[in-house]
file run-v2.cif (mmCIF, C-alpha atoms)
data_work
#
loop_
_atom_site.label_atom_id
_atom_site.label_comp_id
_atom_site.auth_asym_id
_atom_site.auth_seq_id
_atom_site.Cartn_x
_atom_site.Cartn_y
_atom_site.Cartn_z
CA MET A 1 -9.83 127.88 14.85
CA LEU A 2 -8.93 124.77 12.88
CA ILE A 3 -11.73 122.55 11.60
CA THR A 4 -10.52 119.57 13.60
CA ASP A 5 -10.29 121.62 16.80
CA TRP A 6 -13.87 122.78 16.34
CA THR A 7 -15.28 119.30 15.67
CA ARG A 8 -13.54 117.89 18.74
CA GLN A 9 -14.87 120.77 20.82
CA VAL A 10 -18.50 120.15 19.83
CA LEU A 11 -18.37 116.35 20.23
CA PRO A 12 -20.40 116.32 23.49
CA ALA A 13 -23.19 118.30 21.82
CA MET A 14 -23.09 115.97 18.81
CA LEU A 15 -23.47 112.99 21.13
CA ASP A 16 -26.49 114.67 22.72
CA ASP A 17 -28.02 114.97 19.26
CA LEU A 18 -27.12 111.39 18.46
CA ARG A 19 -28.85 110.14 21.59
CA ALA A 20 -31.98 112.12 20.72
CA VAL A 21 -32.07 110.84 17.14
CA VAL A 22 -31.44 107.20 18.09
CA GLU A 23 -34.21 107.43 20.68
CA LEU A 24 -36.58 108.36 17.86
CA GLU A 25 -37.55 104.82 16.91
CA THR A 26 -38.21 105.00 13.18
CA ASN A 27 -38.80 101.53 11.80
CA SER A 28 -39.44 101.52 8.04
CA TYR A 29 -42.94 100.05 8.51
CA ASP A 30 -44.14 102.26 11.38
CA LYS A 31 -45.63 105.28 9.61
CA ALA A 32 -46.70 107.07 12.79
CA MET A 33 -43.21 106.89 14.28
CA LEU A 34 -41.63 107.91 10.98
CA VAL A 35 -43.79 111.05 10.91
CA LYS A 36 -42.88 111.85 14.51
CA GLY A 37 -39.21 111.17 13.88
CA LEU A 38 -38.98 113.35 10.78
CA ARG A 39 -40.64 116.27 12.57
CA ALA A 40 -38.10 115.97 15.37
CA ILE A 41 -35.19 115.80 12.91
CA ARG A 42 -36.47 118.91 11.12
CA ALA A 43 -36.71 120.76 14.42
CA ARG A 44 -33.14 119.76 15.25
CA VAL A 45 -31.84 120.98 11.87
CA VAL A 46 -33.64 124.28 12.23
CA GLY A 47 -32.36 124.63 15.77
CA HIS A 48 -28.78 124.38 14.51
CA LEU A 49 -29.05 126.13 11.14
CA GLY A 50 -32.12 128.34 11.28
CA THR A 51 -35.10 128.41 8.95
CA PRO A 52 -34.16 126.92 5.57
CA ASP A 53 -34.18 129.10 2.46
CA ASP A 54 -36.38 126.51 0.79
CA GLU A 55 -38.26 123.49 2.07
CA ILE A 56 -40.17 120.69 0.37
CA LEU A 57 -42.02 117.82 2.03
CA HIS A 58 -42.83 114.94 -0.32
CA GLU A 59 -45.55 112.59 0.87
CA GLY A 60 -44.34 109.01 1.10
CA GLY A 61 -47.79 107.42 1.23
CA GLN A 62 -47.57 104.29 3.38
CA HIS A 63 -43.80 104.81 3.56
CA GLY A 64 -41.76 107.49 5.32
CA ASP A 65 -42.07 111.02 3.96
CA ILE A 66 -39.15 112.76 2.22
CA LEU A 67 -37.94 116.13 3.46
CA GLU A 68 -35.70 118.52 1.52
CA LEU A 69 -34.16 121.48 3.34
CA PHE A 70 -32.11 123.96 1.30
CA TYR A 71 -29.58 126.40 2.76
CA GLU A 72 -27.93 129.08 0.62
CA GLY A 73 -24.15 129.00 0.50
CA THR A 74 -21.44 131.57 -0.03
CA ALA A 75 -20.14 130.03 -3.26
CA PRO A 76 -21.73 128.80 -6.50
CA GLY A 77 -23.29 125.36 -6.83
CA THR A 78 -25.09 122.96 -4.52
CA ILE A 79 -24.07 119.91 -2.51
CA LEU A 80 -26.72 117.23 -1.96
CA MET A 81 -26.47 115.51 1.43
CA LEU A 82 -28.43 112.22 1.58
CA SER A 83 -29.45 110.60 4.86
CA HIS A 84 -32.17 108.08 5.57
CA TYR A 85 -33.85 108.19 8.96
CA ASP A 86 -35.60 104.80 8.89
CA THR A 87 -34.10 101.72 10.54
CA VAL A 88 -34.66 97.98 10.39
CA TRP A 89 -35.38 97.82 14.14
CA PRO A 90 -39.00 97.28 15.26
CA THR A 91 -40.61 99.88 17.51
CA GLY A 92 -39.94 98.92 21.11
CA THR A 93 -36.38 97.66 20.54
CA LEU A 94 -35.08 100.59 22.58
CA LYS A 95 -36.58 99.13 25.75
CA SER A 96 -34.14 96.24 25.77
CA TRP A 97 -31.34 98.04 23.93
CA PRO A 98 -31.08 101.70 24.98
CA PHE A 99 -28.62 104.19 23.59
CA THR A 100 -25.41 103.98 25.60
CA VAL A 101 -21.81 105.16 25.34
CA VAL A 102 -19.34 102.79 27.00
CA GLU A 103 -15.57 102.63 26.54
CA GLY A 104 -15.61 104.81 23.45
CA LYS A 105 -18.45 102.96 21.70
CA ALA A 106 -21.93 104.35 21.18
CA THR A 107 -24.58 101.69 20.63
CA GLY A 108 -28.32 101.54 20.06
CA PRO A 109 -30.77 100.69 17.27
CA GLY A 110 -29.78 102.53 14.10
CA VAL A 111 -26.73 104.27 15.57
CA PHE A 112 -24.40 102.91 12.86
CA ASP A 113 -26.95 102.60 10.05
CA MET A 114 -27.15 105.49 9.83
CA LYS A 115 -28.14 108.02 12.43
CA THR A 116 -24.59 109.02 13.31
CA GLY A 117 -24.01 110.03 9.70
CA LEU A 118 -27.23 112.05 9.71
CA VAL A 119 -26.08 113.98 12.79
CA GLN A 120 -22.60 114.53 11.31
CA SER A 121 -24.09 116.05 8.15
CA ILE A 122 -26.01 118.67 10.13
CA TRP A 123 -23.03 119.61 12.26
CA ALA A 124 -20.78 119.84 9.20
CA LEU A 125 -22.82 122.72 7.79
CA ARG A 126 -23.08 124.35 11.21
CA GLY A 127 -19.30 124.18 11.50
CA LEU A 128 -18.73 125.76 8.09
CA ARG A 129 -20.96 128.65 9.12
CA GLU A 130 -19.48 129.14 12.56
CA LEU A 131 -15.93 129.14 11.19
CA GLY A 132 -16.88 131.42 8.31
CA LEU A 133 -15.60 129.01 5.67
CA PRO A 134 -16.75 129.38 2.05
CA HIS A 135 -19.15 126.68 0.91
CA PRO A 136 -21.65 125.96 -1.84
CA SER A 137 -25.34 125.79 -1.00
CA VAL A 138 -26.44 122.62 0.77
CA ARG A 139 -29.57 120.60 0.15
CA PHE A 140 -30.39 118.02 2.80
CA LEU A 141 -32.64 115.16 1.78
CA PHE A 142 -33.96 112.92 4.55
CA ASN A 143 -35.91 109.84 3.46
CA GLY A 144 -37.69 107.21 5.50
CA ASP A 145 -37.82 104.23 3.15
CA GLU A 146 -34.20 103.37 2.31
CA GLU A 147 -34.17 100.11 4.22
CA ILE A 148 -37.05 98.80 2.07
CA GLY A 149 -35.64 99.94 -1.28
CA SER A 150 -36.60 103.65 -1.39
CA PRO A 151 -39.85 103.07 -3.34
CA ALA A 152 -41.24 106.53 -2.55
CA SER A 153 -38.02 108.53 -2.43
CA ARG A 154 -36.09 107.34 -5.49
CA GLU A 155 -37.55 109.87 -7.92
CA HIS A 156 -36.93 112.73 -5.49
CA ILE A 157 -33.34 111.63 -4.87
CA GLU A 158 -32.65 111.49 -8.59
CA ALA A 159 -34.23 114.91 -9.15
CA ALA A 160 -32.47 116.56 -6.22
CA GLY A 161 -29.04 115.43 -7.42
CA GLU A 162 -29.49 116.55 -11.03
CA ASP A 163 -27.36 119.71 -10.90
CA ALA A 164 -25.37 119.01 -7.72
CA LEU A 165 -21.62 119.54 -7.64
CA ALA A 166 -21.54 116.37 -5.53
CA THR A 167 -23.87 114.03 -3.71
CA LEU A 168 -22.62 112.93 -0.30
CA VAL A 169 -24.28 109.88 1.22
CA PHE A 170 -23.97 109.58 4.99
CA GLU A 171 -24.20 105.82 5.21
CA ALA A 172 -21.58 104.27 7.47
CA SER A 173 -18.04 103.86 6.19
CA LEU A 174 -16.20 100.57 5.74
CA ASP A 175 -13.66 100.87 8.55
CA GLY A 176 -13.20 104.50 7.54
CA ALA A 177 -13.02 103.91 3.79
CA LEU A 178 -15.45 105.72 1.50
CA LYS A 179 -17.69 103.55 -0.66
CA THR A 180 -17.25 104.31 -4.34
CA ALA A 181 -18.76 101.08 -5.69
CA ARG A 182 -21.74 99.05 -4.55
CA LYS A 183 -23.58 96.10 -5.99
CA GLY A 184 -26.97 96.46 -7.63
CA VAL A 185 -29.85 94.59 -6.05
CA GLY A 186 -32.72 92.61 -7.55
CA LEU A 187 -35.61 91.25 -5.47
CA PHE A 188 -37.53 88.41 -7.10
CA ASN A 189 -40.14 85.75 -6.32
CA VAL A 190 -40.74 82.46 -8.07
CA SER A 191 -44.13 80.74 -7.67
CA VAL A 192 -44.78 77.18 -8.80
CA THR A 193 -48.24 75.67 -9.26
CA GLY A 194 -48.57 71.90 -9.43
CA VAL A 195 -51.38 69.37 -9.09
CA GLU A 196 -52.51 68.22 -5.65
CA ALA A 197 -53.15 64.55 -4.90
CA HIS A 198 -53.06 62.07 -1.99
CA ALA A 199 -49.40 61.15 -1.55
CA GLY A 200 -50.26 57.60 -0.45
CA LEU A 201 -53.44 56.61 -2.28
CA ASP A 202 -52.59 58.21 -5.62
CA PRO A 203 -48.89 59.12 -5.60
CA TYR A 204 -48.50 59.52 -9.36
CA ALA A 205 -51.62 61.55 -10.04
CA GLY A 206 -50.17 64.77 -8.71
CA ALA A 207 -47.42 67.13 -9.84
CA ASN A 208 -45.41 68.20 -6.81
CA ALA A 209 -44.74 71.94 -6.77
CA ILE A 210 -42.12 71.61 -4.03
CA HIS A 211 -40.16 69.04 -6.01
CA ALA A 212 -40.32 71.29 -9.06
CA LEU A 213 -39.21 74.30 -7.02
CA ALA A 214 -36.24 72.30 -5.72
CA GLU A 215 -35.10 71.85 -9.31
CA LEU A 216 -35.46 75.58 -9.93
CA VAL A 217 -33.54 76.51 -6.79
CA THR A 218 -30.58 74.56 -8.11
CA THR A 219 -30.82 76.43 -11.40
CA LEU A 220 -31.08 79.79 -9.67
CA ALA A 221 -28.16 79.15 -7.32
CA GLY A 222 -26.08 78.06 -10.29
CA ALA A 223 -26.71 81.43 -11.98
CA GLY A 224 -24.43 83.14 -9.49
CA SER A 225 -20.91 83.88 -10.65
CA ARG A 226 -18.02 84.63 -8.32
CA GLU A 227 -15.91 85.75 -11.29
CA ARG A 228 -18.53 88.28 -12.41
CA GLY A 229 -19.33 89.44 -8.88
CA THR A 230 -22.90 88.11 -9.06
CA THR A 231 -24.62 86.39 -6.15
CA VAL A 232 -28.02 84.70 -6.17
CA ASN A 233 -29.45 83.87 -2.77
CA VAL A 234 -32.71 81.98 -2.30
CA GLY A 235 -33.51 83.26 1.17
CA LEU A 236 -37.17 82.34 1.60
CA ILE A 237 -39.09 79.19 0.67
CA SER A 238 -42.57 77.91 1.46
CA GLY A 239 -45.17 75.55 0.05
CA GLY A 240 -47.46 72.59 0.47
CA THR A 241 -50.32 71.90 2.85
CA GLY A 242 -49.38 68.59 4.49
CA ARG A 243 -46.90 65.72 4.54
CA ASN A 244 -49.33 63.38 2.83
CA VAL A 245 -50.36 65.84 0.11
CA THR A 246 -48.60 66.21 -3.21
CA ALA A 247 -47.88 69.94 -2.95
CA GLY A 248 -49.97 72.12 -5.21
CA ARG A 249 -48.07 75.35 -4.59
CA ALA A 250 -44.58 76.46 -3.60
CA THR A 251 -42.79 79.80 -3.62
CA CYS A 252 -39.35 81.21 -2.97
CA GLY A 253 -37.87 84.68 -2.50
CA ILE A 254 -34.54 85.53 -4.11
CA ASP A 255 -31.98 88.28 -3.53
CA VAL A 256 -29.65 88.97 -6.47
CA ARG A 257 -26.57 91.21 -6.30
CA VAL A 258 -24.56 92.29 -9.34
CA THR A 259 -21.40 94.31 -9.82
CA ASP A 260 -21.63 94.58 -13.60
CA PRO A 261 -24.77 96.27 -15.04
CA ALA A 262 -24.63 93.78 -17.95
CA GLU A 263 -25.36 90.99 -15.49
CA MET A 264 -28.85 92.36 -14.94
CA GLY A 265 -29.85 91.27 -18.43
CA ARG A 266 -28.30 87.83 -18.02
CA ILE A 267 -30.15 87.24 -14.77
CA ASP A 268 -33.40 88.44 -16.35
CA ASP A 269 -32.91 85.77 -19.00
CA VAL A 270 -32.38 83.13 -16.32
CA PHE A 271 -35.73 83.96 -14.74
CA ALA A 272 -37.46 84.07 -18.12
CA GLY A 273 -36.04 80.66 -19.01
CA LEU A 274 -37.06 78.74 -15.89
CA ARG A 275 -38.65 75.39 -16.78
CA ALA A 276 -39.76 72.36 -14.73
CA SER A 277 -39.20 68.76 -15.80
CA ASP A 278 -42.89 67.98 -15.16
CA SER A 279 -44.93 69.63 -17.91
CA ARG A 280 -47.99 69.84 -15.64
CA VAL A 281 -46.24 72.41 -13.46
CA THR A 282 -46.54 76.13 -14.21
CA ILE A 283 -44.00 78.75 -13.14
CA SER A 284 -44.37 82.47 -12.48
CA ALA A 285 -41.41 84.76 -11.83
CA THR A 286 -42.02 88.27 -10.54
CA GLY A 287 -39.93 91.07 -9.05
CA GLU A 288 -37.62 93.82 -10.20
CA TRP A 289 -34.23 95.40 -9.93
CA ASN A 290 -34.43 97.52 -6.82
CA ARG A 291 -31.16 99.39 -7.37
CA PRO A 292 -28.65 99.51 -10.23
CA PRO A 293 -24.97 98.96 -9.40
CA MET A 294 -22.89 101.88 -8.24
CA VAL A 295 -19.86 101.82 -10.50
CA GLN A 296 -16.71 103.86 -10.16
CA ASN A 297 -17.57 106.47 -12.76
CA ALA A 298 -15.07 109.18 -13.69
CA ALA A 299 -16.99 111.95 -11.92
CA SER A 300 -17.06 110.05 -8.63
CA GLN A 301 -13.37 109.17 -8.90
CA ARG A 302 -12.49 112.85 -9.31
CA LEU A 303 -14.58 113.59 -6.23
CA PHE A 304 -12.84 110.84 -4.27
CA LYS A 305 -9.43 112.26 -5.20
CA GLU A 306 -10.62 115.63 -3.87
CA ALA A 307 -11.69 113.99 -0.60
CA GLN A 308 -8.41 112.10 -0.41
CA GLY A 309 -6.54 115.38 -0.75
CA VAL A 310 -8.62 116.93 2.01
CA ALA A 311 -7.84 113.99 4.30
CA ALA A 312 -4.14 114.24 3.50
CA GLY A 313 -4.27 117.89 4.51
CA PHE A 314 -5.51 116.78 7.92
CA GLY A 315 -2.74 114.18 8.08
CA TRP A 316 -5.03 111.20 7.48
CA THR A 317 -5.07 108.40 4.92
CA LEU A 318 -8.39 107.90 3.13
CA ASP A 319 -9.19 104.73 1.17
CA GLN A 320 -12.05 103.70 -1.07
CA ALA A 321 -13.92 100.41 -1.09
CA SER A 322 -16.42 98.35 -3.05
CA VAL A 323 -19.18 96.66 -1.00
CA GLY A 324 -22.01 94.23 -1.59
CA GLY A 325 -24.73 96.31 0.07
CA ALA A 326 -26.69 98.94 -1.84
CA SER A 327 -27.77 102.46 -0.87
CA ASP A 328 -29.48 105.53 -2.29
CA GLY A 329 -26.10 106.47 -3.75
CA ASN A 330 -26.66 103.75 -6.36
CA PHE A 331 -29.43 105.81 -7.95
CA VAL A 332 -27.22 108.88 -8.30
CA SER A 333 -24.19 106.99 -9.56
CA ALA A 334 -26.21 105.19 -12.24
CA LEU A 335 -26.97 108.61 -13.76
CA GLY A 336 -23.23 109.30 -14.12
CA ARG A 337 -23.15 111.96 -11.42
CA PRO A 338 -20.40 112.48 -8.80
CA VAL A 339 -21.25 110.71 -5.57
CA LEU A 340 -19.34 109.63 -2.47
CA ASP A 341 -20.92 107.12 -0.12
CA GLY A 342 -19.83 106.04 3.34
CA MET A 343 -19.36 109.59 4.60
CA GLY A 344 -20.90 108.55 7.92
CA ALA A 345 -19.76 106.64 10.97
CA VAL A 346 -16.82 104.38 11.68
CA GLY A 347 -18.01 101.28 13.51
CA ASP A 348 -19.64 97.94 12.81
CA GLY A 349 -22.74 95.79 13.15
CA ALA A 350 -25.30 97.18 10.70
CA HIS A 351 -28.65 95.40 11.20
CA ALA A 352 -27.21 93.43 14.13
CA ARG A 353 -27.36 93.67 17.93
CA HIS A 354 -23.68 94.57 18.11
CA GLU A 355 -24.29 97.71 16.02
CA HIS A 356 -22.05 100.48 17.30
CA VAL A 357 -19.95 103.50 16.33
CA LEU A 358 -16.49 104.51 17.50
CA VAL A 359 -16.98 107.89 19.15
CA GLU A 360 -13.42 109.08 18.57
CA HIS A 361 -14.01 109.10 14.81
CA ILE A 362 -17.14 111.30 14.87
CA PRO A 363 -15.17 114.59 14.93
CA GLU A 364 -12.83 113.27 12.24
CA ARG A 365 -15.64 112.28 9.87
CA THR A 366 -17.41 115.60 10.44
CA ALA A 367 -14.19 117.45 9.68
CA LEU A 368 -13.74 115.45 6.48
CA THR A 369 -17.19 116.53 5.30
CA MET A 370 -16.49 120.15 6.17
CA GLY A 371 -13.13 120.10 4.43
CA LEU A 372 -14.54 118.53 1.28
CA ILE A 373 -17.45 120.95 1.02
CA THR A 374 -15.27 124.02 1.45
CA ALA A 375 -12.77 122.57 -1.04
CA LEU A 376 -15.61 122.31 -3.59
CA ALA A 377 -16.22 126.03 -3.15
#

call {"tool": "encode", "arguments": {"input": "run-v2.cif", "output": "structure tokens"}}
result
Amino acid sequence: MLITDWTRQVLPAMLDDLRAVVELETNSYDKAMLVKGLRAIRARVVGHLGTPDDEILHEGGQHGDILELFYEGTAPGTILMLSHYDTVWPTGTLKSWPFTVVEGKATGPGVFDMKTGLVQSIWALRGLRELGLPHPSVRFLFNGDEEIGSPASREHIEAAGEDALATLVFEASLDGALKTARKGVGLFNVSVTGVEAHAGLDPYAGANAIHALAELVTTLAGAGSRERGTTVNVGLISGGTGRNVTAGRATCGIDVRVTDPAEMGRIDDVFAGLRASDSRVTISATGEWNRPPMVQNAASQRLFKEAQGVAAGFGWTLDQASVGGASDGNFVSALGRPVLDGMGAVGDGAHARHEHVLVEHIPERTALTMGLITALA
């Protein structure tokens, strides 16, 4: 049986799995639901693939735990398959937005980002086994903290991918294109402390922290560079205690995205050099680079060419894309290792109420994964 025939044949069963996984509400901040969800995902993997040859559960502390399941292959080497099971959707969202399939679209919280990809990864290995196709060993890594920056799972992701022939990330595709470049992300906060005073009785005695922060926001926004692919977004701002009070404190939260790793140093210098025109004001900048950029390294480009050849063998065209969002693939790419991201669903609406996947592409994407893995054997 051809790979594509098999994946089309099992589509109803894959949709059953998808429904079950979407109905596991696994918000990044709900530890109890994350624990429940991961146990259910493990049970589903074992139900399809049997008891793993090796298994490691890493405690995530207050964040979602990290589960590694290893299955021996029939050829040398190992493929790392990365999927996060946490979503941005609060527990209870399912009540007003249940999983549904209507007119070829499956929708529900987390269906596009990225539970369809997670399901596809499991069925890809099942398909390779059922069809008797040669394949390297497979290590699944499921983490529950990707949506908040992977604070607990980063070290385990980097370790798991150390000797892998390839790391496949089952984040959603960009209209079918694989993601071979992503921006790096920095999350920063700027706090300003001024001098409080009565705005009417003693208007010149104080040093207004909000006014000072307004100056800094202009500086920060100006640090973005369209030409260099760098964006600086001040997305949160707060401060003051009343209209008639010269504000004593003000803060802002900043999201920075960079394409070029060299830009990280330049932006660091911008934060270090922040100054207010009023010398009575003090400034504190905190935060860190959450993920380095994913650049199109040579190893990943060779892997993409392999995937492109597999797609051509099925009669499909496969493109690559660079996107502004980051993923766990950034960590692997920064170490110079071969990684392909966007192996998951075709659809739209990540983090939005119109989140959905196009059902007709689920067999195709699963077949692509199967074809690539057996090609790497």

call {"tool": "closest_atom_pairs", "arguments": {"input": "run-v2.cif", "of": "region 290-323 of chain A", "to": "region 226-247 of chain A", "cutoff": "12 Å", "atoms": "all atoms listed in the file", "output": "Markdown table"}}
result
| residue | atom | partner | partner_atom | distance |
| --- | --- | --- | --- | --- |
| A:Pro293 | CA | A:Thr230 | CA | 11.1 |
| A:Ser322 | CA | A:Gly229 | CA | 11.0 |
| A:Val323 | CA | A:Gly229 | CA | 10.7 |

call {"tool": "atom_distance", "arguments": {"input": "run-v2.cif", "atom1": "CA of Trp123 (chain A)", "atom2": "CA of Ser137 (chain A)"}}
result
14.8 Å

call {"tool": "closest_residue", "arguments": {"input": "run-v2.cif", "among": "A:Val332, A:Ala377, A:Met264, A:Leu11", "to": "Glu158 (chain A)", "atoms": "only C-alpha atoms"}}
result
A:Val332

call {"tool": "atom_distance", "arguments": {"input": "run-v2.cif", "atom1": "CA of Ala367 (chain A)", "atom2": "CA of Thr167 (chain A)"}}
result
16.9 Å

call {"tool": "resolve_selection", "arguments": {"input": "run-v2.cif", "expression": "the PyMOL selection byres ((chain A and resi 68-82) around 7)", "output": "ChimeraX atom specification"}}
result
/A:52-57,66-67,83-84,134-142,161,164-170,377

call {"tool": "residues_near_point", "arguments": {"input": "run-v2.cif", "point": "(-31.9, 120.7, 16.3)", "cutoff": "10 Å", "atoms": "all atoms listed in the file", "output": "list of chain:residue names"}}
result
A:Asp17, A:Ala20, A:Val21, A:Ala40, A:Ile41, A:Arg42, A:Ala43, A:Arg44, A:Val45, A:Val46, A:Gly47, A:His48, A:Leu49, A:Gly50, A:Val119, A:Ile122, A:Trp123

call {"tool": "write_last_selection", "arguments": {"input": "run-v2.cif", "atoms": "C-alpha atoms", "output": "PDB file, keeping the file's coordinate frame"}}
result
ATOM      1  CA  ASP A  17     -28.020 114.970  19.260  1.00  0.00           C
ATOM      2  CA  ALA A  20     -31.980 112.120  20.720  1.00  0.00           C
ATOM      3  CA  VAL A  21     -32.070 110.840  17.140  1.00  0.00           C
ATOM      4  CA  ALA A  40     -38.100 115.970  15.370  1.00  0.00           C
ATOM      5  CA  ILE A  41     -35.190 115.800  12.910  1.00  0.00           C
ATOM      6  CA  ARG A  42     -36.470 118.910  11.120  1.00  0.00           C
ATOM      7  CA  ALA A  43     -36.710 120.760  14.420  1.00  0.00           C
ATOM      8  CA  ARG A  44     -33.140 119.760  15.250  1.00  0.00           C
ATOM      9  CA  VAL A  45     -31.840 120.980  11.870  1.00  0.00           C
ATOM     10  CA  VAL A  46     -33.640 124.280  12.230  1.00  0.00           C
ATOM     11  CA  GLY A  47     -32.360 124.630  15.770  1.00  0.00           C
ATOM     12  CA  HIS A  48     -28.780 124.380  14.510  1.00  0.00           C
ATOM     13  CA  LEU A  49     -29.050 126.130  11.140  1.00  0.00           C
ATOM     14  CA  GLY A  50     -32.120 128.340  11.280  1.00  0.00           C
ATOM     15  CA  VAL A 119     -26.080 113.980  12.790  1.00  0.00           C
ATOM     16  CA  ILE A 122     -26.010 118.670  10.130  1.00  0.00           C
ATOM     17  CA  TRP A 123     -23.030 119.610  12.260  1.00  0.00           C
TER      18      TRP A 123
END

call {"tool": "residues_around", "arguments": {"input": "run-v2.cif", "residues": "Phe271 (chain A)", "least_positions_apart": "6", "cutoff": "9 Å", "atoms": "all atoms listed in the file", "output": "MDAnalysis selection string"}}
result
chainID A and resid 190 220 285:286

call {"tool": "write_last_selection", "arguments": {"input": "run-v2.cif", "atoms": "C-alpha atoms", "output": "compact mmCIF listing (two decimals), keeping the file's coordinate frame"}}
result
# COMPACT_ATOMS: atom_id res chain seq x y z
CA VAL A 190 -40.74 82.46 -8.07
CA LEU A 220 -31.08 79.79 -9.67
CA ALA A 285 -41.41 84.76 -11.83
CA THR A 286 -42.02 88.27 -10.54

call {"tool": "resolve_selection", "arguments": {"input": "run-v2.cif", "expression": "the PyMOL selection byres ((chain A and resi 342) around 6)", "output": "number ranges by chain"}}
result
A: 170-173, 178-179, 341, 343-344

call {"tool": "atom_distance", "arguments": {"input": "run-v2.cif", "atom1": "CA of Leu128 (chain A)", "atom2": "CA of Leu34 (chain A)"}}
result
29.2 Å

call {"tool": "resolve_selection", "arguments": {"input": "run-v2.cif", "expression": "the PyMOL selection byres ((chain A and resi 280) around 10)", "output": "PyMOL selection string"}}
result
chain A and resi 193-195+206-209+276-279+281-282

call {"tool": "closest_residue", "arguments": {"input": "run-v2.cif", "among": "A:Arg249, A:Arg302, A:Arg8, A:Arg19", "to": "Thr107 (chain A)", "atoms": "only C-alpha atoms"}}
result
A:Arg19

call {"tool": "residues_around", "arguments": {"input": "run-v2.cif", "residues": "Thr93 (chain A)", "least_positions_apart": "4", "cutoff": "12 Å", "atoms": "only C-alpha atoms", "output": "VMD selection string"}}
result
chain A and resid 22 to 27 87 to 89 97 to 99 108 to 110 352 to 353

call {"tool": "build_atoms", "arguments": {"input": "run-v2.cif", "residues": "region 217-230 of chain A", "atoms": "N, CA and C atoms", "output": "compact mmCIF listing (two decimals), in the coordinates of the input"}}
result
# COMPACT_ATOMS: atom_id res chain seq x y z
N VAL A 217 -34.50 75.92 -7.73
CA VAL A 217 -33.54 76.51 -6.79
C VAL A 217 -32.11 76.17 -7.20
N THR A 218 -31.91 74.96 -7.64
CA THR A 218 -30.58 74.56 -8.11
C THR A 218 -30.17 75.39 -9.32
N THR A 219 -31.11 75.61 -10.22
CA THR A 219 -30.82 76.43 -11.40
C THR A 219 -30.49 77.86 -11.01
N LEU A 220 -31.29 78.41 -10.09
CA LEU A 220 -31.08 79.79 -9.67
C LEU A 220 -29.74 79.96 -8.97
N ALA A 221 -29.44 79.06 -8.05
CA ALA A 221 -28.16 79.15 -7.32
C ALA A 221 -26.99 79.05 -8.29
N GLY A 222 -27.15 78.23 -9.31
CA GLY A 222 -26.08 78.06 -10.29
C GLY A 222 -25.88 79.27 -11.18
N ALA A 223 -26.85 80.22 -11.16
CA ALA A 223 -26.71 81.43 -11.98
C ALA A 223 -25.76 82.44 -11.37
N GLY A 224 -25.42 82.26 -10.09
CA GLY A 224 -24.43 83.14 -9.49
C GLY A 224 -23.07 82.94 -10.12
N SER A 225 -22.25 83.96 -10.05
CA SER A 225 -20.91 83.88 -10.65
C SER A 225 -19.92 84.67 -9.80
N ARG A 226 -19.04 83.96 -9.13
CA ARG A 226 -18.02 84.63 -8.32
C ARG A 226 -17.13 85.51 -9.20
N GLU A 227 -16.80 85.01 -10.38
CA GLU A 227 -15.91 85.75 -11.29
C GLU A 227 -16.54 87.08 -11.73
N ARG A 228 -17.85 87.07 -11.95
CA ARG A 228 -18.53 88.28 -12.41
C ARG A 228 -19.04 89.14 -11.26
N GLY A 229 -18.86 88.67 -10.03
CA GLY A 229 -19.33 89.44 -8.88
C GLY A 229 -20.83 89.36 -8.69
N THR A 230 -21.45 88.27 -9.14
CA THR A 230 -22.90 88.11 -9.06
C THR A 230 -23.25 87.03 -8.04
